[in-house]
Amino acid sequence: MDSAQANAGPHKTHTWEELTISATDAGWGDIYKELGARPVVNAIGSVTMLGGSSPPDEVREAMERANDAYIPLMELQDKAGAAIAAMTGVPAAYITAGAGSALTLATAAVMAGTDDQRIQQLPDTTGMKNEILIQTRQRYWYDRCLELAGARLVEFGDPERITAEHLDAAIGPKTAAVHYFAVEQSPDPDALSLEATIEVAKSHGVPVLVDAAGQIYPLDNIGKYVRMGADLQCVAAKYIGAPHSTGYALGTEKMISALALQSFAAYEGRQVRGIGRPQKVDRQEMIGAVAAIRRWLTMNHEDRLADAERMSGAIIGRLQGIHGVTVTPLDNVVGHLAFGLRLEFDQNITGLTASDVVAQLKKGDPPVFTRTLAGEDYISIHVFGLRDGEEKLVGDRIAALFG
Ligand SMILES: *Cc1c(COP(=O)(O)O)cnc(C)c1O
């Protein structure tokens, strides 16, 4: 049953096609407006703060079908994980409450293993290896997820350039795992490579965890790091049209079976209280996560990329030639940020900084969300979250700020 039926009365029951309307259509965002919340046009991309993803019809239909019957969730996790592992070419897989949860459960798994006593002791790590090594050059926004289960992050390496010797020297009796952050769209030549990380870690018998949340294209990257020898790679489902609240843990049999023991499903199903209990995934989401990765691995990516390039081009076309505004097309297709554009503003000419532009766009109707990150004085725009036609609105609204 959908929420429109639950609110039967003055509300119309929408079909999915009708719900995929854009900000240029009447009725857009009404379900939010009824609550007094303001829907926005998302020109940033797949970001958690705006809702991550809009699962396509195929995924929502699968989720709807999951609603009819109940299912023991440990069994569903097993079967869904096996299906995902087969599709992605890794030994085992598990659906988590986001890629962030995959990292948290994986750290719990490397500390507690399959020992029920230890599983129930976390986040108190007394008597366990509890250090996760991370390169000084790879500290990042989501490394917090590695600490939640009680692990301690320990940095290694000279910030100038990190070598295999640095890692070798950093591994000690408390090392539970080495973490690696994969960013193939902008590789860091001075970071220690994943190949070297795996080689050194393996020589000490230490597991390697890889955050590959955004490495969803080329398709071979989904599972590649595990095939290279990492024990775990997490993938964010938000980037491939799965329910935003899900993620994939891909890994070795040993890693995934230990990780599963930490999950909310095992907490209830085995009556062993792991730290994953608050990181719940519903059965409809699990089915949606399977449908989404199946779709992603079989869809026509040339069409997807051509659409992203065309929509980016439409925005660029509306902004070219504005005095004081520099528009740079982005042509990256690796990872989750395909195409898009970068905008820079000459404040002496336009009277506006990048932050002013972001603020002005938010004030409009409908609000158009863009962003500048800390330390940046430009705006990167991506079309992932735009419905067909909204690219024109975005381009026009930005152009209008400059007369
Ligand atoms: C989005 C993201 C995460 C978190 O993934 P969720 O599915 O939102 O929990 C972790 N790492 C990176 C690199 C990401 O881009």
# chains A, B, ... in the order shown; residues from 1 in each chain; ligands from 1
>>> select_by_dssp(residues="segment 84-151 of chain A", states="strand (DSSP E)", output="list of chain:residue names")
A:Ala92, A:Ala93, A:Tyr94, A:Ile95, A:Thr96, A:Glu131, A:Ile132, A:Leu133, A:Ile134, A:Gln135
>>> residues_near_ligand(ligand="ligand 1", cutoff="10 Å", atoms="only C-alpha atoms and all ligand atoms", output="tab-separated table (two decimals) with all heavy atoms, in the first residue's frame")
chain	number	residue	atom	x	y	z
A	46	SER	N	24.40	13.13	-5.96
A	46	SER	CA	23.89	12.19	-4.97
A	46	SER	C	24.46	12.50	-3.61
A	46	SER	O	25.54	12.03	-3.26
A	46	SER	CB	24.26	10.77	-5.37
A	46	SER	OG	23.81	9.89	-4.37
A	47	VAL	N	23.77	13.33	-2.84
A	47	VAL	CA	24.26	13.67	-1.51
A	47	VAL	C	23.22	13.30	-0.46
A	47	VAL	O	22.01	13.47	-0.65
A	47	VAL	CB	24.63	15.17	-1.37
A	47	VAL	CG1	25.91	15.46	-2.15
A	47	VAL	CG2	23.51	16.08	-1.81
A	48	THR	N	23.72	12.80	0.65
A	48	THR	CA	22.85	12.31	1.71
A	48	THR	C	21.93	13.40	2.25
A	48	THR	O	20.76	13.16	2.51
A	48	THR	CB	23.73	11.71	2.83
A	48	THR	OG1	24.30	10.50	2.31
A	48	THR	CG2	22.93	11.40	4.07
A	49	MET	N	22.45	14.63	2.37
A	49	MET	CA	21.63	15.66	3.01
A	49	MET	C	20.38	16.02	2.22
A	49	MET	O	19.45	16.60	2.77
A	49	MET	CB	22.47	16.91	3.29
A	49	MET	CG	22.91	17.61	2.05
A	49	MET	SD	23.41	19.30	2.41
A	49	MET	CE	23.96	19.82	0.80
A	51	GLY	N	18.79	13.58	0.26
A	51	GLY	CA	18.00	12.36	0.03
A	51	GLY	C	18.65	11.32	-0.85
A	51	GLY	O	18.05	10.29	-1.13
A	52	GLY	N	19.89	11.59	-1.30
A	52	GLY	CA	20.70	10.53	-1.93
A	52	GLY	C	20.30	10.05	-3.31
A	52	GLY	O	21.02	10.25	-4.26
A	96	THR	N	23.83	-3.71	3.80
A	96	THR	CA	23.95	-2.96	5.06
A	96	THR	C	23.14	-1.67	4.99
A	96	THR	O	22.66	-1.30	3.93
A	96	THR	CB	25.43	-2.60	5.31
A	96	THR	OG1	25.91	-1.86	4.18
A	96	THR	CG2	26.28	-3.85	5.49
A	97	ALA	N	23.03	-1.01	6.12
A	97	ALA	CA	22.30	0.26	6.18
A	97	ALA	C	23.22	1.39	5.70
A	97	ALA	O	23.61	2.27	6.46
A	97	ALA	CB	21.82	0.52	7.61
A	98	GLY	N	23.59	1.34	4.42
A	98	GLY	CA	24.50	2.31	3.85
A	98	GLY	C	25.93	1.79	3.84
A	98	GLY	O	26.28	0.85	4.57
A	99	ALA	N	26.75	2.41	2.99
A	99	ALA	CA	28.17	2.04	2.93
A	99	ALA	C	28.83	2.35	4.27
A	99	ALA	O	29.74	1.64	4.71
A	99	ALA	CB	28.86	2.79	1.80
A	100	GLY	N	28.37	3.39	4.94
A	100	GLY	CA	28.92	3.74	6.25
A	100	GLY	C	28.75	2.60	7.25
A	100	GLY	O	29.66	2.28	8.01
A	101	SER	N	27.59	1.99	7.23
A	101	SER	CA	27.34	0.85	8.13
A	101	SER	C	28.22	-0.34	7.76
A	101	SER	O	28.69	-1.07	8.64
A	101	SER	CB	25.86	0.46	8.09
A	101	SER	OG	25.65	-0.76	8.77
A	102	ALA	N	28.47	-0.54	6.47
A	102	ALA	CA	29.36	-1.64	6.06
A	102	ALA	C	30.73	-1.45	6.70
A	102	ALA	O	31.35	-2.42	7.17
A	102	ALA	CB	29.47	-1.69	4.54
A	103	LEU	N	31.21	-0.20	6.75
A	103	LEU	CA	32.52	0.06	7.37
A	103	LEU	C	32.47	-0.23	8.87
A	103	LEU	O	33.38	-0.84	9.43
A	103	LEU	CB	32.95	1.51	7.12
A	103	LEU	CG	33.22	1.89	5.66
A	103	LEU	CD1	33.59	3.37	5.56
A	103	LEU	CD2	34.33	1.03	5.07
A	104	THR	N	31.41	0.22	9.52
A	104	THR	CA	31.29	0.00	10.97
A	104	THR	C	31.22	-1.50	11.29
A	104	THR	O	31.92	-1.99	12.18
A	104	THR	CB	30.03	0.71	11.51
A	104	THR	OG1	30.15	2.11	11.26
A	104	THR	CG2	29.86	0.48	13.00
A	140	TYR	N	39.44	11.29	5.92
A	140	TYR	CA	38.34	11.82	5.11
A	140	TYR	C	37.06	11.82	5.92
A	140	TYR	O	37.00	11.30	7.03
A	140	TYR	CB	38.20	11.06	3.79
A	140	TYR	CG	37.70	9.63	3.92
A	140	TYR	CD1	36.53	9.22	3.29
A	140	TYR	CD2	38.38	8.69	4.68
A	140	TYR	CE1	36.05	7.93	3.41
A	140	TYR	CE2	37.91	7.39	4.81
A	140	TYR	CZ	36.74	7.02	4.17
A	140	TYR	OH	36.28	5.75	4.31
A	141	TRP	N	36.04	12.42	5.35
A	141	TRP	CA	34.77	12.68	6.04
A	141	TRP	C	34.18	11.44	6.69
A	141	TRP	O	33.63	11.50	7.78
A	141	TRP	CB	33.79	13.29	5.04
A	141	TRP	CG	32.52	13.79	5.64
A	141	TRP	CD1	31.28	13.28	5.44
A	141	TRP	CD2	32.37	14.89	6.55
A	141	TRP	NE1	30.35	13.99	6.16
A	141	TRP	CE2	31.00	14.98	6.85
A	141	TRP	CE3	33.26	15.80	7.14
A	141	TRP	CZ2	30.48	15.95	7.72
A	141	TRP	CZ3	32.74	16.75	8.00
A	141	TRP	CH2	31.38	16.82	8.28
A	142	TYR	N	34.23	10.30	6.02
A	142	TYR	CA	33.53	9.10	6.51
A	142	TYR	C	34.38	8.18	7.37
A	142	TYR	O	33.90	7.13	7.78
A	142	TYR	CB	32.92	8.33	5.32
A	142	TYR	CG	31.87	9.16	4.62
A	142	TYR	CD1	32.12	9.75	3.39
A	142	TYR	CD2	30.64	9.40	5.23
A	142	TYR	CE1	31.17	10.55	2.77
A	142	TYR	CE2	29.69	10.20	4.62
A	142	TYR	CZ	29.96	10.77	3.39
A	142	TYR	OH	29.02	11.57	2.79
A	143	ASP	N	35.62	8.58	7.69
A	143	ASP	CA	36.43	7.68	8.51
A	143	ASP	C	35.87	7.55	9.93
A	143	ASP	O	36.19	6.61	10.66
A	143	ASP	CB	37.93	8.01	8.48
A	143	ASP	CG	38.29	9.38	9.02
A	143	ASP	OD1	37.54	9.91	9.87
A	143	ASP	OD2	39.35	9.91	8.62
A	144	ARG	N	34.98	8.45	10.30
A	144	ARG	CA	34.25	8.36	11.57
A	144	ARG	C	33.52	7.01	11.70
A	144	ARG	O	33.40	6.46	12.79
A	144	ARG	CB	33.24	9.51	11.63
A	144	ARG	CG	32.40	9.54	12.87
A	144	ARG	CD	33.15	10.16	14.03
A	144	ARG	NE	32.30	10.31	15.18
A	144	ARG	CZ	32.47	9.67	16.34
A	144	ARG	NH1	33.51	8.88	16.50
A	144	ARG	NH2	31.65	9.87	17.35
A	145	CYS	N	33.05	6.49	10.57
A	145	CYS	CA	32.31	5.21	10.58
A	145	CYS	C	33.19	4.05	11.05
A	145	CYS	O	32.70	3.03	11.50
A	145	CYS	CB	31.77	4.89	9.19
A	145	CYS	SG	30.69	6.16	8.53
A	181	PHE	N	41.11	4.17	1.11
A	181	PHE	CA	40.02	4.94	0.51
A	181	PHE	C	40.28	5.03	-1.00
A	181	PHE	O	41.26	5.63	-1.43
A	181	PHE	CB	40.01	6.34	1.15
A	181	PHE	CG	38.97	7.28	0.60
A	181	PHE	CD1	37.79	6.83	0.04
A	181	PHE	CD2	39.18	8.66	0.68
A	181	PHE	CE1	36.84	7.71	-0.46
A	181	PHE	CE2	38.23	9.56	0.19
A	181	PHE	CZ	37.06	9.08	-0.39
A	182	ALA	N	39.42	4.38	-1.78
A	182	ALA	CA	39.61	4.32	-3.24
A	182	ALA	C	38.95	5.51	-3.93
A	182	ALA	O	37.75	5.73	-3.76
A	182	ALA	CB	39.03	3.02	-3.79
A	183	VAL	N	39.74	6.28	-4.67
A	183	VAL	CA	39.22	7.45	-5.40
A	183	VAL	C	39.81	7.44	-6.80
A	183	VAL	O	40.70	8.22	-7.12
A	183	VAL	CB	39.61	8.79	-4.72
A	183	VAL	CG1	38.71	9.92	-5.20
A	183	VAL	CG2	39.54	8.69	-3.20
A	210	VAL	N	38.37	-1.57	2.23
A	210	VAL	CA	38.41	-0.53	1.20
A	210	VAL	C	37.08	0.21	1.16
A	210	VAL	O	36.02	-0.41	1.01
A	210	VAL	CB	38.71	-1.12	-0.19
A	210	VAL	CG1	38.72	-0.03	-1.26
A	210	VAL	CG2	40.03	-1.87	-0.19
A	211	ASP	N	37.14	1.54	1.31
A	211	ASP	CA	35.96	2.34	1.05
A	211	ASP	C	35.95	2.64	-0.44
A	211	ASP	O	36.74	3.44	-0.94
A	211	ASP	CB	35.98	3.65	1.85
A	211	ASP	CG	34.69	4.46	1.65
A	211	ASP	OD1	34.02	4.25	0.62
A	211	ASP	OD2	34.36	5.29	2.52
A	212	ALA	N	35.06	1.94	-1.15
A	212	ALA	CA	34.91	2.14	-2.59
A	212	ALA	C	33.48	2.60	-2.85
A	212	ALA	O	32.88	2.28	-3.88
A	212	ALA	CB	35.21	0.85	-3.33
A	213	ALA	N	32.95	3.37	-1.89
A	213	ALA	CA	31.53	3.77	-1.95
A	213	ALA	C	31.17	4.37	-3.30
A	213	ALA	O	30.12	4.08	-3.85
A	213	ALA	CB	31.22	4.75	-0.83
A	214	GLY	N	32.06	5.22	-3.83
A	214	GLY	CA	31.74	5.93	-5.06
A	214	GLY	C	32.25	5.25	-6.31
A	214	GLY	O	32.04	5.75	-7.42
A	215	GLN	N	32.91	4.09	-6.17
A	215	GLN	CA	33.55	3.46	-7.34
A	215	GLN	C	32.55	2.52	-8.03
A	215	GLN	O	32.71	1.31	-8.03
A	215	GLN	CB	34.82	2.73	-6.91
A	215	GLN	CG	35.83	3.63	-6.21
A	215	GLN	CD	36.18	4.85	-7.04
A	215	GLN	OE1	36.55	4.76	-8.19
A	215	GLN	NE2	36.03	6.04	-6.44
A	234	CYS	N	33.31	-1.64	0.46
A	234	CYS	CA	31.93	-1.18	0.60
A	234	CYS	C	31.55	-0.36	-0.62
A	234	CYS	O	32.39	0.28	-1.25
A	234	CYS	CB	31.73	-0.38	1.88
A	234	CYS	SG	32.47	1.26	1.88
A	235	VAL	N	30.27	-0.44	-0.97
A	235	VAL	CA	29.73	0.29	-2.12
A	235	VAL	C	28.48	1.00	-1.64
A	235	VAL	O	27.65	0.41	-0.94
A	235	VAL	CB	29.37	-0.68	-3.28
A	235	VAL	CG1	28.79	0.10	-4.47
A	235	VAL	CG2	30.58	-1.50	-3.71
A	236	ALA	N	28.34	2.28	-1.99
A	236	ALA	CA	27.16	3.03	-1.56
A	236	ALA	C	26.04	2.84	-2.58
A	236	ALA	O	26.19	3.14	-3.75
A	236	ALA	CB	27.49	4.52	-1.43
A	237	ALA	N	24.92	2.33	-2.10
A	237	ALA	CA	23.80	2.06	-2.98
A	237	ALA	C	23.15	3.34	-3.49
A	237	ALA	O	22.49	3.35	-4.52
A	237	ALA	CB	22.79	1.19	-2.24
A	238	LYS	N	23.36	4.44	-2.76
A	238	LYS	CA	22.78	5.73	-3.17
A	238	LYS	C	23.21	6.14	-4.57
A	238	LYS	O	22.50	6.86	-5.26
A	238	LYS	CB	23.14	6.83	-2.16
A	238	LYS	CG	24.62	7.17	-2.09
A	238	LYS	CD	24.98	8.05	-0.87
A	238	LYS	CE	26.49	8.22	-0.77
A	238	LYS	NZ	26.97	8.54	0.57
A	239	TYR	N	24.39	5.69	-4.97
A	239	TYR	CA	24.91	6.11	-6.27
A	239	TYR	C	24.36	5.30	-7.43
A	239	TYR	O	24.61	5.62	-8.59
A	239	TYR	CB	26.44	6.01	-6.28
A	239	TYR	CG	27.14	6.92	-5.28
A	239	TYR	CD1	28.15	6.45	-4.47
A	239	TYR	CD2	26.78	8.27	-5.19
A	239	TYR	CE1	28.80	7.29	-3.57
A	239	TYR	CE2	27.42	9.12	-4.29
A	239	TYR	CZ	28.43	8.62	-3.48
A	239	TYR	OH	29.06	9.45	-2.60
A	242	ALA	N	19.58	2.54	-5.75
A	242	ALA	CA	18.99	1.69	-4.71
A	242	ALA	C	18.40	2.60	-3.64
A	242	ALA	O	18.65	3.80	-3.64
A	242	ALA	CB	20.06	0.79	-4.11
A	243	PRO	N	17.60	2.05	-2.72
A	243	PRO	CA	17.17	2.90	-1.60
A	243	PRO	C	18.41	3.53	-0.95
A	243	PRO	O	19.40	2.85	-0.68
A	243	PRO	CB	16.49	1.92	-0.65
A	243	PRO	CG	16.09	0.77	-1.51
A	243	PRO	CD	17.10	0.68	-2.60
A	244	HIS	N	18.33	4.81	-0.73
A	244	HIS	CA	19.44	5.61	-0.22
A	244	HIS	C	20.00	5.06	1.09
A	244	HIS	O	21.17	5.21	1.41
A	244	HIS	CB	18.89	7.03	-0.03
A	244	HIS	CG	19.81	7.99	0.61
A	244	HIS	ND1	19.36	9.02	1.39
A	244	HIS	CD2	21.14	8.10	0.59
A	244	HIS	CE1	20.41	9.71	1.81
A	244	HIS	NE2	21.49	9.17	1.34
A	245	SER	N	19.13	4.40	1.85
A	245	SER	CA	19.51	3.91	3.18
A	245	SER	C	20.22	2.56	3.13
A	245	SER	O	20.47	1.97	4.18
A	245	SER	CB	18.27	3.81	4.04
A	245	SER	OG	17.23	3.21	3.29
A	246	THR	N	20.54	2.05	1.94
A	246	THR	CA	21.22	0.75	1.87
A	246	THR	C	22.65	0.91	1.36
A	246	THR	O	23.03	1.96	0.83
A	246	THR	CB	20.48	-0.23	0.94
A	246	THR	OG1	20.41	0.31	-0.38
A	246	THR	CG2	19.08	-0.52	1.45
A	247	GLY	N	23.41	-0.16	1.52
A	247	GLY	CA	24.78	-0.21	1.01
A	247	GLY	C	25.16	-1.67	0.81
A	247	GLY	O	24.41	-2.57	1.23
A	248	TYR	N	26.29	-1.89	0.17
A	248	TYR	CA	26.74	-3.26	-0.09
A	248	TYR	C	28.11	-3.46	0.57
A	248	TYR	O	29.02	-2.64	0.38
A	248	TYR	CB	26.89	-3.53	-1.58
A	248	TYR	CG	25.66	-3.18	-2.39
A	248	TYR	CD1	25.59	-1.98	-3.10
A	248	TYR	CD2	24.58	-4.05	-2.46
A	248	TYR	CE1	24.47	-1.65	-3.84
A	248	TYR	CE2	23.45	-3.73	-3.21
A	248	TYR	CZ	23.41	-2.53	-3.89
A	248	TYR	OH	22.30	-2.21	-4.62
A	335	GLY	N	33.59	6.66	-11.51
A	335	GLY	CA	32.97	6.89	-10.21
A	335	GLY	C	31.57	7.42	-10.34
A	335	GLY	O	30.90	7.24	-11.36
A	336	HIS	N	31.10	8.11	-9.29
A	336	HIS	CA	29.69	8.49	-9.22
A	336	HIS	C	29.40	9.89	-9.74
A	336	HIS	O	28.25	10.30	-9.81
A	336	HIS	CB	29.18	8.35	-7.79
A	336	HIS	CG	29.84	9.30	-6.83
A	336	HIS	ND1	31.13	9.14	-6.41
A	336	HIS	CD2	29.39	10.42	-6.25
A	336	HIS	CE1	31.45	10.13	-5.60
A	336	HIS	NE2	30.41	10.92	-5.48
>>> closest_residue(among="A:Gly251, A:Pro91, A:Gly317, A:Pro173", to="Glu131 of chain A", atoms="only C-alpha atoms")
A:Pro173
>>> residues_around(residues="Glu376 of chain A", least_positions_apart="4", cutoff="10 Å", atoms="only C-alpha atoms", output="PyMOL selection string")
chain A and resi 354-355+371-372+380
>>> atom_distance(atom1="atom CA of Tyr225 of chain A", atom2="atom CA of His204 of chain A")
18.7 Å
>>> atom_distance(atom1="atom CA of Gly389 of chain A", atom2="atom CA of Thr24 of chain A")
7.6 Å
>>> atom_distance(atom1="atom CA of Leu386 of chain A", atom2="atom CA of Val41 of chain A")
7.0 Å
>>> closest_residue(among="A:Ala23, A:Leu343, A:Val272, A:Val154", to="Arg118 of chain A", atoms="only C-alpha atoms")
A:Val272
>>> closest_residue(among="A:Val325, A:Ala92, A:Val290, A:Met128", to="Val59 of chain A", atoms="only C-alpha atoms")
A:Val290
>>> closest_residue(among="A:Val333, A:Pro278, A:Thr326, A:Ala93", to="Asp231 of chain A", atoms="only C-alpha atoms")
A:Ala93
>>> residues_around(residues="Asp68 of chain A", least_positions_apart="3", cutoff="10 Å", atoms="only C-alpha atoms", output="MDAnalysis selection string")
chainID A and resid 1 63:65 71 284
>>> write_last_selection(atoms="N, CA, C and O atoms", output="PDB file, in the first residue's frame")
ATOM      1  N   MET A   1       0.853  -1.204   0.000  1.00  0.00           N
ATOM      2  CA  MET A   1       0.000   0.000   0.000  1.00  0.00           C
ATOM      3  C   MET A   1       0.883   1.246   0.000  1.00  0.00           C
ATOM      4  O   MET A   1       1.863   1.320   0.724  1.00  0.00           O
ATOM      5  N   MET A  63      10.384  -3.518  -4.731  1.00  0.00           N
ATOM      6  CA  MET A  63      10.153  -3.250  -3.307  1.00  0.00           C
ATOM      7  C   MET A  63       8.676  -3.446  -2.957  1.00  0.00           C
ATOM      8  O   MET A  63       8.335  -3.977  -1.900  1.00  0.00           O
ATOM      9  N   GLU A  64       7.832  -3.010  -3.865  1.00  0.00           N
ATOM     10  CA  GLU A  64       6.389  -3.155  -3.653  1.00  0.00           C
ATOM     11  C   GLU A  64       6.021  -4.641  -3.565  1.00  0.00           C
ATOM     12  O   GLU A  64       5.231  -5.057  -2.717  1.00  0.00           O
ATOM     13  N   ARG A  65       6.644  -5.455  -4.421  1.00  0.00           N
ATOM     14  CA  ARG A  65       6.339  -6.899  -4.411  1.00  0.00           C
ATOM     15  C   ARG A  65       6.834  -7.557  -3.124  1.00  0.00           C
ATOM     16  O   ARG A  65       6.289  -8.569  -2.686  1.00  0.00           O
ATOM     17  N   ILE A  71       9.406 -12.573   5.724  1.00  0.00           N
ATOM     18  CA  ILE A  71      10.506 -13.489   5.398  1.00  0.00           C
ATOM     19  C   ILE A  71      11.524 -13.430   6.538  1.00  0.00           C
ATOM     20  O   ILE A  71      11.803 -12.345   7.043  1.00  0.00           O
ATOM     21  N   GLN A 284      11.902  -4.755   2.210  1.00  0.00           N
ATOM     22  CA  GLN A 284      11.651  -4.088   0.935  1.00  0.00           C
ATOM     23  C   GLN A 284      12.932  -3.422   0.425  1.00  0.00           C
ATOM     24  O   GLN A 284      13.238  -3.458  -0.771  1.00  0.00           O
TER      25      GLN A 284
END
>>> closest_residue(among="A:Asn42, A:Leu209, A:Thr370, A:Met286", to="Ile84 of chain A", atoms="only C-alpha atoms")
A:Met286
>>> residues_around(residues="Arg38 of chain A", least_positions_apart="2", cutoff="9 Å", atoms="only C-alpha atoms", output="ChimeraX atom specification")
/A:29,32-33,35-36,40,366-367
